[in-house]
>>> print(open('target-v6.pdb').read())   # PDB, C-alpha atoms, pLDDT in the B column
MODEL        1
ATOM      1  CA  MET O 939      85.645 -75.328-235.889  1.00 61.00           C
ATOM      2  CA  ILE O 940      86.667 -75.595-232.241  1.00 65.00           C
ATOM      3  CA  ALA O 941      90.306 -75.752-233.250  1.00 61.00           C
ATOM      4  CA  ALA O 942      89.984 -72.490-235.174  1.00 63.00           C
ATOM      5  CA  ALA O 943      88.372 -70.787-232.225  1.00 61.00           C
ATOM      6  CA  LEU O 944      91.105 -71.952-229.895  1.00 59.00           C
ATOM      7  CA  SER O 945      93.914 -70.839-232.150  1.00 67.00           C
ATOM      8  CA  ALA O 946      92.260 -67.430-232.512  1.00 63.00           C
ATOM      9  CA  ALA O 947      91.985 -67.181-228.753  1.00 61.00           C
ATOM     10  CA  VAL O 948      95.656 -68.061-228.328  1.00 58.00           C
ATOM     11  CA  LEU O 949      96.769 -65.460-230.898  1.00 59.00           C
ATOM     12  CA  THR O 950      94.668 -62.784-229.290  1.00 62.00           C
ATOM     13  CA  ALA O 951      96.008 -63.582-225.865  1.00 57.00           C
ATOM     14  CA  ALA O 952      99.555 -63.387-227.146  1.00 52.00           C
ATOM     15  CA  GLU O 953      99.019 -59.934-228.638  1.00 57.00           C
ATOM     16  CA  THR O 954      97.788 -58.449-225.403  1.00 54.00           C
ATOM     17  CA  THR O 955     100.388 -56.866-223.317  1.00 51.00           C
ATOM     18  CA  GLY O 956     101.265 -58.198-219.978  1.00 58.00           C
ATOM     19  CA  GLU O 957     100.322 -61.069-217.856  1.00 69.00           C
ATOM     20  CA  PRO O 958      96.990 -61.141-216.086  1.00 63.00           C
ATOM     21  CA  ASP O 959      97.111 -61.326-212.326  1.00 70.00           C
ATOM     22  CA  GLY O 960      94.684 -61.996-209.502  1.00 71.00           C
ATOM     23  CA  LEU O 961      91.054 -62.354-210.351  1.00 75.00           C
ATOM     24  CA  ALA O 962      91.628 -61.589-214.021  1.00 71.00           C
ATOM     25  CA  LEU O 963      93.542 -64.834-214.183  1.00 75.00           C
ATOM     26  CA  LEU O 964      90.306 -66.816-213.553  1.00 81.00           C
ATOM     27  CA  ILE O 965      87.924 -64.818-215.737  1.00 83.00           C
ATOM     28  CA  PRO O 966      88.407 -65.331-219.461  1.00 83.00           C
ATOM     29  CA  ALA O 967      88.368 -62.524-221.896  1.00 83.00           C
ATOM     30  CA  THR O 968      85.129 -61.371-223.457  1.00 88.00           C
ATOM     31  CA  TYR O 969      85.929 -62.620-226.902  1.00 91.00           C
ATOM     32  CA  ASP O 970      86.639 -66.102-225.424  1.00 90.00           C
ATOM     33  CA  ILE O 971      83.227 -66.148-223.815  1.00 91.00           C
ATOM     34  CA  LEU O 972      81.608 -65.011-227.072  1.00 95.00           C
ATOM     35  CA  TRP O 973      83.261 -67.589-229.261  1.00 94.00           C
ATOM     36  CA  SER O 974      82.700 -70.371-226.684  1.00 94.00           C
ATOM     37  CA  THR O 975      79.005 -69.493-226.606  1.00 96.00           C
ATOM     38  CA  VAL O 976      78.804 -69.643-230.424  1.00 96.00           C
ATOM     39  CA  VAL O 977      80.537 -73.045-230.522  1.00 95.00           C
ATOM     40  CA  LEU O 978      78.386 -74.340-227.683  1.00 96.00           C
ATOM     41  CA  ALA O 979      75.212 -73.218-229.471  1.00 96.00           C
ATOM     42  CA  ALA O 980      76.295 -74.964-232.693  1.00 95.00           C
ATOM     43  CA  ILE O 981      77.059 -78.183-230.838  1.00 95.00           C
ATOM     44  CA  ALA O 982      73.775 -77.957-228.909  1.00 95.00           C
ATOM     45  CA  PHE O 983      71.829 -77.353-232.120  1.00 96.00           C
ATOM     46  CA  ALA O 984      73.476 -80.379-233.803  1.00 94.00           C
ATOM     47  CA  PHE O 985      72.913 -82.514-230.677  1.00 93.00           C
ATOM     48  CA  TYR O 986      69.201 -81.593-230.404  1.00 93.00           C
ATOM     49  CA  ARG O 987      68.646 -81.882-234.146  1.00 94.00           C
ATOM     50  CA  PHE O 988      70.482 -85.154-234.957  1.00 93.00           C
ATOM     51  CA  VAL O 989      71.700 -87.068-231.890  1.00 91.00           C
ATOM     52  CA  LEU O 990      68.896 -86.600-229.365  1.00 92.00           C
ATOM     53  CA  PRO O 991      66.103 -87.944-231.670  1.00 94.00           C
ATOM     54  CA  LYS O 992      68.148 -91.122-232.279  1.00 93.00           C
ATOM     55  CA  PHE O 993      68.725 -91.578-228.537  1.00 91.00           C
ATOM     56  CA  GLN O 994      65.048 -90.945-227.931  1.00 93.00           C
ATOM     57  CA  ALA O 995      64.076 -93.520-230.613  1.00 94.00           C
ATOM     58  CA  VAL O 996      66.413 -96.128-229.064  1.00 93.00           C
ATOM     59  CA  LEU O 997      65.067 -95.374-225.586  1.00 93.00           C
ATOM     60  CA  ASP O 998      61.455 -95.558-226.830  1.00 94.00           C
ATOM     61  CA  GLU O 999      62.184 -98.875-228.551  1.00 94.00           C
ATOM     62  CA  ARG O1000      63.744-100.293-225.390  1.00 94.00           C
ATOM     63  CA  THR O1001      60.846 -99.030-223.306  1.00 93.00           C
ATOM     64  CA  ALA O1002      58.408-100.692-225.686  1.00 93.00           C
ATOM     65  CA  LEU O1003      60.390-103.954-225.552  1.00 92.00           C
ATOM     66  CA  ILE O1004      60.539-103.864-221.767  1.00 93.00           C
ATOM     67  CA  GLN O1005      56.846-103.079-221.455  1.00 92.00           C
ATOM     68  CA  GLY O1006      56.026-105.810-223.995  1.00 89.00           C
ATOM     69  CA  GLY O1007      58.205-108.265-222.060  1.00 90.00           C
ATOM     70  CA  ILE O1008      56.486-107.273-218.830  1.00 92.00           C
ATOM     71  CA  ALA O1009      53.076-107.703-220.459  1.00 91.00           C
ATOM     72  CA  LYS O1010      54.101-111.104-221.835  1.00 91.00           C
ATOM     73  CA  ALA O1011      55.454-112.130-218.442  1.00 91.00           C
ATOM     74  CA  GLU O1012      52.233-111.022-216.739  1.00 92.00           C
ATOM     75  CA  SER O1013      50.091-112.900-219.279  1.00 92.00           C
ATOM     76  CA  ALA O1014      52.321-115.982-218.942  1.00 92.00           C
ATOM     77  CA  GLN O1015      52.051-115.720-215.176  1.00 93.00           C
ATOM     78  CA  ALA O1016      48.264-115.412-215.417  1.00 92.00           C
ATOM     79  CA  GLU O1017      48.128-118.437-217.738  1.00 93.00           C
ATOM     80  CA  ALA O1018      50.376-120.366-215.351  1.00 93.00           C
ATOM     81  CA  ALA O1019      48.092-119.449-212.451  1.00 92.00           C
ATOM     82  CA  ILE O1020      45.058-120.637-214.440  1.00 94.00           C
ATOM     83  CA  ALA O1021      46.868-123.857-215.396  1.00 93.00           C
ATOM     84  CA  LEU O1022      47.888-124.384-211.756  1.00 93.00           C
ATOM     85  CA  ALA O1023      44.301-123.882-210.608  1.00 93.00           C
ATOM     86  CA  ALA O1024      43.101-126.341-213.273  1.00 93.00           C
ATOM     87  CA  TYR O1025      45.793-128.823-212.203  1.00 94.00           C
ATOM     88  CA  HIS O1026      44.738-128.530-208.558  1.00 94.00           C
ATOM     89  CA  GLN O1027      41.092-129.022-209.567  1.00 95.00           C
ATOM     90  CA  GLN O1028      41.971-132.092-211.658  1.00 94.00           C
ATOM     91  CA  LEU O1029      44.060-133.453-208.807  1.00 94.00           C
ATOM     92  CA  GLN O1030      41.168-132.949-206.389  1.00 94.00           C
ATOM     93  CA  ASP O1031      38.761-134.579-208.847  1.00 94.00           C
ATOM     94  CA  ALA O1032      41.149-137.521-209.273  1.00 94.00           C
ATOM     95  CA  ARG O1033      41.431-137.931-205.494  1.00 93.00           C
ATOM     96  CA  THR O1034      37.650-137.833-205.148  1.00 95.00           C
ATOM     97  CA  GLU O1035      37.259-140.372-207.961  1.00 94.00           C
ATOM     98  CA  ALA O1036      39.913-142.634-206.405  1.00 94.00           C
ATOM     99  CA  ALA O1037      38.142-142.487-203.037  1.00 93.00           C
ATOM    100  CA  ARG O1038      34.839-143.335-204.711  1.00 94.00           C
ATOM    101  CA  ILE O1039      36.420-146.243-206.605  1.00 94.00           C
ATOM    102  CA  ARG O1040      38.028-147.541-203.384  1.00 93.00           C
ATOM    103  CA  GLU O1041      34.694-147.340-201.577  1.00 93.00           C
ATOM    104  CA  ASP O1042      32.903-149.088-204.470  1.00 93.00           C
ATOM    105  CA  ALA O1043      35.566-151.810-204.505  1.00 93.00           C
ATOM    106  CA  ARG O1044      35.299-152.214-200.727  1.00 92.00           C
ATOM    107  CA  THR O1045      31.496-152.504-200.969  1.00 94.00           C
ATOM    108  CA  GLU O1046      31.722-154.924-203.883  1.00 92.00           C
ATOM    109  CA  GLY O1047      34.333-156.982-202.032  1.00 91.00           C
ATOM    110  CA  THR O1048      32.056-157.179-198.990  1.00 93.00           C
ATOM    111  CA  GLN O1049      29.156-158.303-201.193  1.00 93.00           C
ATOM    112  CA  ILE O1050      31.306-160.927-202.931  1.00 93.00           C
ATOM    113  CA  LEU O1051      32.558-162.188-199.580  1.00 92.00           C
ATOM    114  CA  ALA O1052      28.986-162.424-198.252  1.00 92.00           C
ATOM    115  CA  GLU O1053      27.882-164.288-201.396  1.00 93.00           C
ATOM    116  CA  HIS O1054      30.774-166.742-201.087  1.00 92.00           C
ATOM    117  CA  ARG O1055      29.998-167.308-197.400  1.00 92.00           C
ATOM    118  CA  THR O1056      26.355-167.956-198.230  1.00 93.00           C
ATOM    119  CA  LYS O1057      27.295-170.362-201.020  1.00 93.00           C
ATOM    120  CA  ALA O1058      29.822-172.118-198.769  1.00 92.00           C
ATOM    121  CA  ASN O1059      27.246-172.469-195.989  1.00 92.00           C
ATOM    122  CA  GLU O1060      24.667-173.812-198.458  1.00 92.00           C
ATOM    123  CA  GLU O1061      27.217-176.242-199.903  1.00 92.00           C
ATOM    124  CA  ALA O1062      28.246-177.378-196.419  1.00 91.00           C
ATOM    125  CA  ALA O1063      24.588-177.898-195.423  1.00 91.00           C
ATOM    126  CA  ARG O1064      23.974-179.835-198.632  1.00 92.00           C
ATOM    127  CA  LEU O1065      27.057-182.007-198.045  1.00 92.00           C
ATOM    128  CA  VAL O1066      26.010-182.673-194.426  1.00 91.00           C
ATOM    129  CA  GLU O1067      22.490-183.582-195.543  1.00 92.00           C
ATOM    130  CA  THR O1068      23.844-185.862-198.262  1.00 92.00           C
ATOM    131  CA  ALA O1069      26.192-187.486-195.769  1.00 90.00           C
ATOM    132  CA  HIS O1070      23.334-188.050-193.300  1.00 90.00           C
ATOM    133  CA  LYS O1071      21.190-189.602-196.037  1.00 91.00           C
ATOM    134  CA  GLN O1072      24.054-191.795-197.160  1.00 90.00           C
ATOM    135  CA  ILE O1073      24.810-192.876-193.593  1.00 91.00           C
ATOM    136  CA  GLU O1074      21.120-193.667-192.992  1.00 88.00           C
ATOM    137  CA  ALA O1075      20.942-195.664-196.238  1.00 88.00           C
ATOM    138  CA  GLU O1076      24.119-197.562-195.367  1.00 87.00           C
ATOM    139  CA  ARG O1077      22.811-198.202-191.809  1.00 83.00           C
ATOM    140  CA  GLN O1078      19.566-199.567-193.191  1.00 84.00           C
ATOM    141  CA  GLN O1079      21.449-201.668-195.740  1.00 85.00           C
ATOM    142  CA  ALA O1080      23.771-202.942-193.027  1.00 80.00           C
ATOM    143  CA  SER O1081      20.774-203.676-190.774  1.00 75.00           C
ATOM    144  CA  VAL O1082      19.041-205.666-193.536  1.00 75.00           C
ATOM    145  CA  SER O1083      22.257-207.476-194.409  1.00 80.00           C
ATOM    146  CA  LEU O1084      23.022-208.129-190.755  1.00 75.00           C
ATOM    147  CA  ARG O1085      19.496-209.438-190.127  1.00 71.00           C
ATOM    148  CA  GLY O1086      19.852-211.878-192.980  1.00 72.00           C
ATOM    149  CA  ASP O1087      23.316-213.035-191.895  1.00 75.00           C
ATOM    150  CA  VAL O1088      22.346-213.240-188.236  1.00 72.00           C
ATOM    151  CA  GLY O1089      19.181-215.126-189.156  1.00 69.00           C
ATOM    152  CA  THR O1090      21.122-217.683-191.164  1.00 73.00           C
ATOM    153  CA  LEU O1091      23.703-218.113-188.439  1.00 74.00           C
ATOM    154  CA  ALA O1092      21.035-218.301-185.732  1.00 69.00           C
ATOM    155  CA  THR O1093      19.118-220.938-187.684  1.00 69.00           C
ATOM    156  CA  GLN O1094      22.213-223.047-188.171  1.00 73.00           C
ATOM    157  CA  LEU O1095      23.150-222.703-184.522  1.00 72.00           C
ATOM    158  CA  ALA O1096      19.644-223.503-183.351  1.00 68.00           C
ATOM    159  CA  SER O1097      19.540-226.545-185.656  1.00 69.00           C
ATOM    160  CA  LYS O1098      22.689-227.863-184.075  1.00 71.00           C
ATOM    161  CA  ILE O1099      21.476-227.166-180.542  1.00 73.00           C
ATOM    162  CA  VAL O1100      17.941-228.472-180.972  1.00 65.00           C
ATOM    163  CA  GLY O1101      18.995-231.289-183.153  1.00 60.00           C
ATOM    164  CA  GLU O1102      16.236-230.883-185.660  1.00 60.00           C
ATOM    165  CA  SER O1103      16.204-229.152-188.935  1.00 60.00           C
ATOM    166  CA  LEU O1104      14.902-225.610-189.063  1.00 56.00           C
ATOM    167  CA  GLU O1105      15.017-225.373-192.804  1.00 61.00           C
ATOM    168  CA  ASP O1106      11.367-224.499-193.025  1.00 63.00           C
ATOM    169  CA  SER O1107      11.247-220.886-193.928  1.00 65.00           C
ATOM    170  CA  ALA O1108       8.257-219.983-191.757  1.00 66.00           C
ATOM    171  CA  ARG O1109       9.838-221.609-188.771  1.00 65.00           C
ATOM    172  CA  GLN O1110      13.178-220.092-189.624  1.00 66.00           C
ATOM    173  CA  SER O1111      11.646-216.652-189.884  1.00 70.00           C
ATOM    174  CA  ARG O1112       9.912-217.012-186.491  1.00 72.00           C
ATOM    175  CA  VAL O1113      13.122-218.192-184.813  1.00 68.00           C
ATOM    176  CA  VAL O1114      15.159-215.367-186.370  1.00 70.00           C
ATOM    177  CA  ASP O1115      12.589-212.738-185.416  1.00 75.00           C
ATOM    178  CA  ARG O1116      12.387-214.051-181.848  1.00 77.00           C
ATOM    179  CA  PHE O1117      16.195-214.145-181.582  1.00 73.00           C
ATOM    180  CA  LEU O1118      16.556-210.602-182.890  1.00 74.00           C
ATOM    181  CA  ASP O1119      13.779-209.366-180.604  1.00 78.00           C
ATOM    182  CA  GLU O1120      15.549-210.925-177.628  1.00 79.00           C
ATOM    183  CA  LEU O1121      18.845-209.415-178.788  1.00 75.00           C
ATOM    184  CA  GLU O1122      17.283-205.975-179.114  1.00 76.00           C
ATOM    185  CA  ALA O1123      15.600-206.316-175.730  1.00 79.00           C
ATOM    186  CA  SER O1124      18.870-207.299-174.064  1.00 78.00           C
ATOM    187  CA  THR O1125      20.673-204.427-175.785  1.00 75.00           C
ATOM    188  CA  THR O1126      17.994-201.997-174.638  1.00 75.00           C
ATOM    189  CA  THR O1127      18.137-203.366-171.110  1.00 77.00           C
ATOM    190  CA  ASN O1128      21.927-203.140-170.998  1.00 71.00           C
ATOM    191  CA  ALA O1129      21.775-199.611-172.368  1.00 63.00           C
ATOM    192  CA  GLY O1130      19.183-198.676-169.724  1.00 64.00           C
ATOM    193  CA  LYS O1131      21.362-200.108-166.940  1.00 66.00           C
ATOM    194  CA  GLY O1132      24.447-198.306-168.200  1.00 59.00           C
ATOM    195  CA  ASN O1133      22.752-194.950-167.793  1.00 52.00           C
TER     196      ASN O1133
ENDMDL
END
>>> encode(input="target-v6.pdb", output="structure tokens")
Amino acid sequence: MIAAALSAAVLTAAETTGEPDGLALLIPATYDILWSTVVLAAIAFAFYRFVLPKFQAVLDERTALIQGGIAKAESAQAEAAIALAAYHQQLQDARTEAARIREDARTEGTQILAEHRTKANEEAARLVETAHKQIEAERQQASVSLRGDVGTLATQLASKIVGESLEDSARQSRVVDRFLDELEASTTTNAGKGN
């Protein structure tokens, strides 16, 4: 259609006599303006009727997609913020729980240590008491054994010195007791002088 209008314009221009000059050179002829307006109106009608609605549909679809993407991004961001807040809360709770567990363990450790010290002190006191009792029993046993051995030796020695037999048990007992009393007295006297 445009080609027909152009060829008509060229034929009409060729039929006119003479060459345009000056301002007429820039202003087209009236029939050119008329036919250009008709062609422009047809193109505009076709553009508004067929092309523009398709462009508008594509633009509306893209707008909807963009707005949907923005809405999804905002909801994802809100969910991420909620998840981050929950994570921070859980982290704080875990730290609080860990501090409580450490404090409980420290307290329990102190109690266990105190119990073990008490048990160790009781065991040590029991061992010392047992050792004292055993030493006292052994001292008494040694004293009894030593008295008997010293008595026998003293009787034998006295028999040899006196020249008579001291086999009589009553006599032997008196001699041994007297000898031990003298020995204890001399030990006590020597101990008193040493001080």
>>> atom_distance(input="target-v6.pdb", atom1="atom CA of O:Ala1024", atom2="atom CA of O:Arg1038")
20.7 Å
>>> atom_distance(input="target-v6.pdb", atom1="atom CA of O:Arg1040", atom2="atom CA of O:Leu1022")
26.5 Å
>>> closest_residue(input="target-v6.pdb", among="O:Val1114, O:Gln1005, O:Lys1057, O:Ala1014", to="O:Leu1084", atoms="only C-alpha atoms")
O:Val1114
>>> closest_residue(input="target-v6.pdb", among="O:Ala979, O:Ile1020, O:Ala984, O:Leu1121", to="O:Val1088", atoms="all atoms listed in the file")
O:Leu1121
>>> atom_distance(input="target-v6.pdb", atom1="atom CA of O:Leu1091", atom2="atom CA of O:Arg1116")
13.7 Å
>>> build_atoms(input="target-v6.pdb", residues="stretch 1033-1044 of chain O", atoms="all heavy atoms", output="CSV table (one decimal), in the coordinates of the input")
chain,number,residue,atom,x,y,z
O,1033,ARG,N,41.5,-137.4,-206.9
O,1033,ARG,CA,41.4,-137.9,-205.5
O,1033,ARG,C,40.0,-138.3,-205.1
O,1033,ARG,O,39.8,-139.4,-204.5
O,1033,ARG,CB,42.0,-136.9,-204.5
O,1033,ARG,CG,43.5,-136.8,-204.6
O,1033,ARG,CD,44.0,-135.7,-203.6
O,1033,ARG,NE,45.4,-135.6,-203.7
O,1033,ARG,CZ,46.1,-134.6,-203.3
O,1033,ARG,NH1,45.5,-133.6,-202.8
O,1033,ARG,NH2,47.4,-134.6,-203.4
O,1034,THR,N,39.0,-137.5,-205.5
O,1034,THR,CA,37.6,-137.8,-205.1
O,1034,THR,C,37.2,-139.1,-205.9
O,1034,THR,O,36.6,-140.0,-205.3
O,1034,THR,CB,36.7,-136.7,-205.5
O,1034,THR,OG1,37.2,-135.5,-204.9
O,1034,THR,CG2,35.3,-136.9,-205.2
O,1035,GLU,N,37.6,-139.2,-207.2
O,1035,GLU,CA,37.3,-140.4,-208.0
O,1035,GLU,C,37.9,-141.6,-207.4
O,1035,GLU,O,37.3,-142.7,-207.3
O,1035,GLU,CB,37.7,-140.1,-209.4
O,1035,GLU,CG,37.4,-141.3,-210.3
O,1035,GLU,CD,35.9,-141.5,-210.6
O,1035,GLU,OE1,35.1,-140.5,-210.3
O,1035,GLU,OE2,35.5,-142.5,-211.1
O,1036,ALA,N,39.2,-141.5,-207.0
O,1036,ALA,CA,39.9,-142.6,-206.4
O,1036,ALA,C,39.3,-143.1,-205.1
O,1036,ALA,O,39.1,-144.3,-204.9
O,1036,ALA,CB,41.4,-142.3,-206.2
O,1037,ALA,N,38.8,-142.1,-204.3
O,1037,ALA,CA,38.1,-142.5,-203.0
O,1037,ALA,C,36.8,-143.2,-203.3
O,1037,ALA,O,36.5,-144.2,-202.7
O,1037,ALA,CB,37.9,-141.2,-202.2
O,1038,ARG,N,36.1,-142.7,-204.3
O,1038,ARG,CA,34.8,-143.3,-204.7
O,1038,ARG,C,35.1,-144.7,-205.2
O,1038,ARG,O,34.4,-145.7,-204.9
O,1038,ARG,CB,34.1,-142.5,-205.8
O,1038,ARG,CG,32.7,-143.0,-206.1
O,1038,ARG,CD,32.1,-142.3,-207.3
O,1038,ARG,NE,32.9,-142.5,-208.5
O,1038,ARG,CZ,32.9,-143.6,-209.3
O,1038,ARG,NH1,32.2,-144.7,-208.9
O,1038,ARG,NH2,33.6,-143.7,-210.3
O,1039,ILE,N,36.1,-144.9,-206.1
O,1039,ILE,CA,36.4,-146.2,-206.6
O,1039,ILE,C,36.8,-147.2,-205.5
O,1039,ILE,O,36.4,-148.4,-205.5
O,1039,ILE,CB,37.5,-146.1,-207.7
O,1039,ILE,CG1,37.0,-145.5,-208.9
O,1039,ILE,CG2,38.1,-147.5,-208.0
O,1039,ILE,CD1,38.0,-145.1,-210.0
O,1040,ARG,N,37.6,-146.7,-204.5
O,1040,ARG,CA,38.0,-147.5,-203.4
O,1040,ARG,C,36.8,-148.0,-202.6
O,1040,ARG,O,36.7,-149.1,-202.2
O,1040,ARG,CB,39.0,-146.8,-202.5
O,1040,ARG,CG,40.4,-146.9,-202.9
O,1040,ARG,CD,41.4,-146.4,-201.8
O,1040,ARG,NE,41.1,-145.1,-201.3
O,1040,ARG,CZ,41.5,-144.0,-201.7
O,1040,ARG,NH1,42.4,-144.0,-202.7
O,1040,ARG,NH2,41.2,-142.8,-201.2
O,1041,GLU,N,35.9,-147.0,-202.4
O,1041,GLU,CA,34.7,-147.3,-201.6
O,1041,GLU,C,33.8,-148.3,-202.3
O,1041,GLU,O,33.3,-149.3,-201.7
O,1041,GLU,CB,33.9,-146.0,-201.3
O,1041,GLU,CG,32.8,-146.2,-200.3
O,1041,GLU,CD,33.2,-146.8,-199.0
O,1041,GLU,OE1,34.3,-146.4,-198.5
O,1041,GLU,OE2,32.4,-147.6,-198.4
O,1042,ASP,N,33.7,-148.1,-203.7
O,1042,ASP,CA,32.9,-149.1,-204.5
O,1042,ASP,C,33.5,-150.5,-204.4
O,1042,ASP,O,32.8,-151.5,-204.3
O,1042,ASP,CB,32.8,-148.6,-205.9
O,1042,ASP,CG,31.9,-147.4,-206.1
O,1042,ASP,OD1,31.2,-147.1,-205.1
O,1042,ASP,OD2,31.9,-146.8,-207.2
O,1043,ALA,N,34.9,-150.5,-204.5
O,1043,ALA,CA,35.6,-151.8,-204.5
O,1043,ALA,C,35.4,-152.5,-203.1
O,1043,ALA,O,35.2,-153.7,-203.0
O,1043,ALA,CB,37.0,-151.6,-204.8
O,1044,ARG,N,35.5,-151.7,-202.1
O,1044,ARG,CA,35.3,-152.2,-200.7
O,1044,ARG,C,33.9,-152.8,-200.6
O,1044,ARG,O,33.7,-153.9,-200.0
O,1044,ARG,CB,35.6,-151.1,-199.7
O,1044,ARG,CG,35.6,-151.6,-198.3
O,1044,ARG,CD,36.0,-150.5,-197.3
O,1044,ARG,NE,37.4,-150.1,-197.6
O,1044,ARG,CZ,37.7,-148.8,-197.8
O,1044,ARG,NH1,36.8,-147.9,-197.8
O,1044,ARG,NH2,39.0,-148.5,-198.1
